[in-house]
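First up is the structure itself, then whatever we jot down about it.
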Amino acid sequence: LFEFDDTVAVSRLIEGKYFNVDQMLSNDYETRISVNKQELLDSIERSTLLIRESDKKPIIITVTDNGLEVAIRSAIGSLKEEILINKEGKDITIGFNPKFLIDALRVIDDETVDIYMVNSKAPCFIRDSEGAYIYLILPVNISGVRMQTVKIKVDYIKLGQVLKLARFVSSGVEAKEVILDGQVKVNGEVCLMRGKKIVAGDEVSFDGKTLKVEN
């Protein structure tokens with residue numbers, strides 16, 4: 001209990017064991033990269049243009065010997081950019097809330113930053129060689145982020161058929177109901193037409209899942 005003049009604040013301890021930060025910041029990492037800070041920041045900020053405020057889409061970072069790839073795919077569109085890096089260690093694919101990375105990179109003045117990663121489920125950290133700053137960033141589980149795709153051999157397919165083909169619904173009646181109820185989006189916009197023509201390149205979203213149509 002804290003009292004400040006006319007203000008009373010109540011706080012309670014949360015049960016459980018907090019992260020072992022010292023262990024996270026050890027030198028026991030699997031991957032270390034050095035990357036131009038501004039190039040990485042600009043790429044991540046561009047990716048956020050494809051995220052609606054109501055969405056919680058992570059960016060997916062893939063590190064290989066060829067460089068660092070920043071990728072995101074949403075109902076609005078998709079982005080994939082590559083950045084040159086110096087890499088030490090294993091290849092890795094990891095997801096992040098872009099806001100957390102942006103917040104850290106914006107306050108770093110160095111031209112180049114070093115990022116250390118253990119695996120796709122462990123926190124990564126950004127720090128300089130002198131220890132002047134350390135930023136610990138938790139990753140996002142991306143095991144279910146991959147977008148489902150369906151291939152068509154015709155010029156178009158109707159929206160109701162897409163929902164059934166993707167097994168989003170079990171019948172045409174159910175497809176009609178969810179469409180008329182405004183639960184289905186096509187390319188990020190609510191669609192109320194069951195017979196809307198869906199062509200290759202279109203994205204259909206329903207119940208938190210997104211399907212991309214390809215030919």
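In the structure tokens, each chain is lettered A, B, ... as it comes, each chain's residues begin at 1, and ligands are numbered from 1 in order of appearance.
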
Report task. Would you mind listing what lies within 12 Å of range 163-170 of chain A as a ChimeraX atom specification, with only C-alpha atoms counted and same-chain residues fewer than 5 positions away left out? Result -> /A:147-152,157-158,175-179,183-186,194-196,198,203-213

Query raised in the report: Which residues come within 10 Å of Glu81 in chain A, counting only C-alpha atoms, excluding same-chain residues fewer than 3 positions away, as number ranges by chain?
Result: A: 40, 43-44, 46-47, 61, 68-72

Requested in this report: Pick out the residues sitting within 10 Å of Ile60 in chain A, and hand them over as a ChimeraX atom specification; count only C-alpha atoms, and ignore anything fewer than 2 positions along from it in its own chain.
Outcome: /A:57-58,62-63,69-73,80,93-98,139-140,142,145

Query raised in the report: Could you pull out the helix (DSSP H, G or I) residues of range 80-161 of chain A from DSSP and send them as a PyMOL selection string?
Result: chain A and resi 98-106+159-161

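Between Val107 in chain A and the candidates A:Asp202, A:Thr48, A:Gln38, A:Ser120, the tightest atom-to-atom separation, counting only C-alpha atoms, involves A:Gln38.
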
Query raised in the report: Rounded to one decimal in Å, what is the spacing between CA of Gly131 in chain A and CA of Asp110 in chain A?
Result: 12.7 Å

**Report entry** Shell around Phe125 in chain A at 9 Å using only C-alpha atoms, local window under 6 positions removed, as a PyMOL selection string
**Finding:** chain A and resi 24-25+114-117+134-138

**Report entry** Test item: residues at most 10 Å from Asn66 in chain A, only C-alpha atoms, excluding those fewer than 4 positions along its chain, as a PyMOL selection string
**Finding:** chain A and resi 82-87+91

Requested write-out: all heavy atoms of the selected residues, as a PDB file, in the first residue's frame:
ATOM      1  N   GLU A  82      15.532  -7.952 -47.200  1.00  0.00           N
ATOM      2  CA  GLU A  82      16.780  -8.553 -46.751  1.00  0.00           C
ATOM      3  C   GLU A  82      17.799  -7.470 -46.401  1.00  0.00           C
ATOM      4  O   GLU A  82      17.866  -6.434 -47.068  1.00  0.00           O
ATOM      5  CB  GLU A  82      17.342  -9.482 -47.820  1.00  0.00           C
ATOM      6  CG  GLU A  82      16.490 -10.730 -48.041  1.00  0.00           C
ATOM      7  CD  GLU A  82      17.165 -11.734 -48.954  1.00  0.00           C
ATOM      8  OE1 GLU A  82      18.286 -11.436 -49.424  1.00  0.00           O
ATOM      9  OE2 GLU A  82      16.575 -12.795 -49.185  1.00  0.00           O
ATOM     10  N   ILE A  83      18.544  -7.727 -45.352  1.00  0.00           N
ATOM     11  CA  ILE A  83      19.543  -6.783 -44.863  1.00  0.00           C
ATOM     12  C   ILE A  83      20.870  -7.527 -44.696  1.00  0.00           C
ATOM     13  O   ILE A  83      20.899  -8.659 -44.189  1.00  0.00           O
ATOM     14  CB  ILE A  83      19.117  -6.179 -43.511  1.00  0.00           C
ATOM     15  CG1 ILE A  83      17.758  -5.480 -43.638  1.00  0.00           C
ATOM     16  CG2 ILE A  83      20.160  -5.208 -42.982  1.00  0.00           C
ATOM     17  CD1 ILE A  83      17.177  -5.031 -42.313  1.00  0.00           C
ATOM     18  N   LEU A  84      21.955  -6.899 -45.092  1.00  0.00           N
ATOM     19  CA  LEU A  84      23.275  -7.491 -44.919  1.00  0.00           C
ATOM     20  C   LEU A  84      23.678  -7.474 -43.453  1.00  0.00           C
ATOM     21  O   LEU A  84      23.444  -6.487 -42.746  1.00  0.00           O
ATOM     22  CB  LEU A  84      24.315  -6.741 -45.758  1.00  0.00           C
ATOM     23  CG  LEU A  84      24.172  -6.838 -47.277  1.00  0.00           C
ATOM     24  CD1 LEU A  84      25.221  -5.961 -47.949  1.00  0.00           C
ATOM     25  CD2 LEU A  84      24.300  -8.281 -47.739  1.00  0.00           C
ATOM     26  N   ILE A  85      24.285  -8.550 -42.997  1.00  0.00           N
ATOM     27  CA  ILE A  85      24.713  -8.660 -41.599  1.00  0.00           C
ATOM     28  C   ILE A  85      26.046  -9.386 -41.527  1.00  0.00           C
ATOM     29  O   ILE A  85      26.487 -10.011 -42.491  1.00  0.00           O
ATOM     30  CB  ILE A  85      23.679  -9.440 -40.743  1.00  0.00           C
ATOM     31  CG1 ILE A  85      23.508 -10.865 -41.309  1.00  0.00           C
ATOM     32  CG2 ILE A  85      22.354  -8.715 -40.664  1.00  0.00           C
ATOM     33  CD1 ILE A  85      22.689 -11.786 -40.429  1.00  0.00           C
ATOM     34  N   ASN A  86      26.664  -9.304 -40.371  1.00  0.00           N
ATOM     35  CA  ASN A  86      27.761 -10.196 -40.010  1.00  0.00           C
ATOM     36  C   ASN A  86      27.197 -11.200 -39.021  1.00  0.00           C
ATOM     37  O   ASN A  86      26.618 -10.809 -38.001  1.00  0.00           O
ATOM     38  CB  ASN A  86      28.919  -9.422 -39.386  1.00  0.00           C
ATOM     39  CG  ASN A  86      29.646  -8.559 -40.401  1.00  0.00           C
ATOM     40  OD1 ASN A  86      29.820  -8.961 -41.545  1.00  0.00           O
ATOM     41  ND2 ASN A  86      30.066  -7.371 -39.995  1.00  0.00           N
ATOM     42  N   LYS A  87      27.340 -12.472 -39.311  1.00  0.00           N
ATOM     43  CA  LYS A  87      26.702 -13.521 -38.507  1.00  0.00           C
ATOM     44  C   LYS A  87      27.731 -14.460 -37.915  1.00  0.00           C
ATOM     45  O   LYS A  87      28.714 -14.825 -38.554  1.00  0.00           O
ATOM     46  CB  LYS A  87      25.715 -14.308 -39.370  1.00  0.00           C
ATOM     47  CG  LYS A  87      25.198 -15.612 -38.773  1.00  0.00           C
ATOM     48  CD  LYS A  87      24.201 -16.265 -39.713  1.00  0.00           C
ATOM     49  CE  LYS A  87      23.869 -17.677 -39.298  1.00  0.00           C
ATOM     50  NZ  LYS A  87      24.890 -18.679 -39.689  1.00  0.00           N
ATOM     51  N   ASP A  91      21.868 -20.652 -37.984  1.00  0.00           N
ATOM     52  CA  ASP A  91      20.712 -20.005 -38.595  1.00  0.00           C
ATOM     53  C   ASP A  91      19.542 -20.054 -37.617  1.00  0.00           C
ATOM     54  O   ASP A  91      19.445 -20.978 -36.791  1.00  0.00           O
ATOM     55  CB  ASP A  91      20.303 -20.726 -39.886  1.00  0.00           C
ATOM     56  CG  ASP A  91      21.357 -20.613 -40.979  1.00  0.00           C
ATOM     57  OD1 ASP A  91      22.329 -19.862 -40.790  1.00  0.00           O
ATOM     58  OD2 ASP A  91      21.200 -21.285 -42.014  1.00  0.00           O
TER      59      ASP A  91
END

Requested in this report: For CA of Ile126 in chain A and CA of Leu49 in chain A, quote the distance in Å rounded to one decimal.
Outcome: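 If I compute the distance from CA of Ile126 in chain A to CA of Leu49 in chain A, I get 24.2 Å.
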
Report task. Tell me which protein, DNA and RNA residues are within 10 Å of Glu30 in chain A, counting only C-alpha atoms, leaving out same-chain ones fewer than 2 positions away, and put them as a ChimeraX atom specification. Result -> /A:27-28,32,88-92,116-119

Report task. Report the residues of range 3-120 of chain A whose backbone DSSP state falls under strand (DSSP E), written as a ChimeraX atom specification. Result -> /A:3-4,7-9,31-36,59-64,67-73,78-83,85-89,92-96,112-117

I need the residues from that last selection saved to file as an mmCIF file, in the first residue's frame (with C-alpha atoms), if you can.
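out-v1.cif, written as the output of this step:
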data_model
loop_
_atom_site.group_PDB
_atom_site.id
_atom_site.type_symbol
_atom_site.label_atom_id
_atom_site.label_comp_id
_atom_site.auth_asym_id
_atom_site.auth_seq_id
_atom_site.Cartn_x
_atom_site.Cartn_y
_atom_site.Cartn_z
ATOM 1 C CA GLU A 3 -0.033 6.791 -0.175
ATOM 2 C CA PHE A 4 0.866 10.058 -1.926
ATOM 3 C CA THR A 7 -3.640 9.219 -3.905
ATOM 4 C CA VAL A 8 -3.617 5.616 -2.657
ATOM 5 C CA ALA A 9 -1.969 2.854 -4.744
ATOM 6 C CA THR A 31 23.522 -16.857 -32.821
ATOM 7 C CA ARG A 32 25.101 -13.409 -32.836
ATOM 8 C CA ILE A 33 24.597 -10.840 -35.555
ATOM 9 C CA SER A 34 25.897 -7.346 -36.211
ATOM 10 C CA VAL A 35 23.538 -5.232 -38.285
ATOM 11 C CA ASN A 36 23.175 -1.604 -39.341
ATOM 12 C CA ILE A 59 7.360 -9.814 -37.700
ATOM 13 C CA ILE A 60 9.376 -12.881 -38.579
ATOM 14 C CA ILE A 61 13.143 -12.530 -38.693
ATOM 15 C CA THR A 62 15.188 -15.193 -40.434
ATOM 16 C CA VAL A 63 18.954 -15.194 -40.032
ATOM 17 C CA THR A 64 21.142 -17.157 -42.450
ATOM 18 C CA GLY A 67 21.736 -12.115 -44.421
ATOM 19 C CA LEU A 68 18.771 -11.152 -42.274
ATOM 20 C CA GLU A 69 15.241 -11.310 -43.678
ATOM 21 C CA VAL A 70 12.403 -9.263 -42.191
ATOM 22 C CA ALA A 71 8.997 -10.612 -43.189
ATOM 23 C CA ILE A 72 5.372 -10.048 -42.330
ATOM 24 C CA ARG A 73 2.118 -11.145 -43.922
ATOM 25 C CA SER A 78 2.980 -8.732 -47.193
ATOM 26 C CA LEU A 79 6.555 -7.528 -46.907
ATOM 27 C CA LYS A 80 9.867 -9.292 -47.246
ATOM 28 C CA GLU A 81 13.171 -7.441 -47.088
ATOM 29 C CA GLU A 82 16.780 -8.553 -46.751
ATOM 30 C CA ILE A 83 19.543 -6.783 -44.863
ATOM 31 C CA ILE A 85 24.713 -8.660 -41.599
ATOM 32 C CA ASN A 86 27.761 -10.196 -40.010
ATOM 33 C CA LYS A 87 26.702 -13.521 -38.507
ATOM 34 C CA GLU A 88 28.263 -15.834 -35.977
ATOM 35 C CA GLY A 89 26.646 -19.151 -35.101
ATOM 36 C CA ILE A 92 17.517 -19.036 -36.796
ATOM 37 C CA THR A 93 13.922 -17.992 -37.480
ATOM 38 C CA ILE A 94 12.266 -16.001 -34.696
ATOM 39 C CA GLY A 95 9.206 -13.782 -34.279
ATOM 40 C CA PHE A 96 8.885 -10.482 -32.412
ATOM 41 C CA THR A 112 25.756 -0.910 -35.736
ATOM 42 C CA VAL A 113 24.048 -3.075 -33.109
ATOM 43 C CA ASP A 114 24.842 -6.588 -31.895
ATOM 44 C CA ILE A 115 21.897 -8.927 -31.343
ATOM 45 C CA TYR A 116 22.293 -12.216 -29.455
ATOM 46 C CA MET A 117 19.827 -15.122 -29.794
#

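Take the candidates A:Asn141, A:Leu159, A:Leu105, A:Asn215 and check each one against Ala122 in chain A using only C-alpha atoms; the shortest distance goes to A:Asn141.
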
Requested in this report: Considering only C-alpha atoms, state which residue in the set A:Asp109, A:Asp6, A:Asp65, A:Glu214 is at the smallest distance from Tyr133 in chain A.
Outcome: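 Smallest distance to Tyr133 in chain A is found for A:Asp109.
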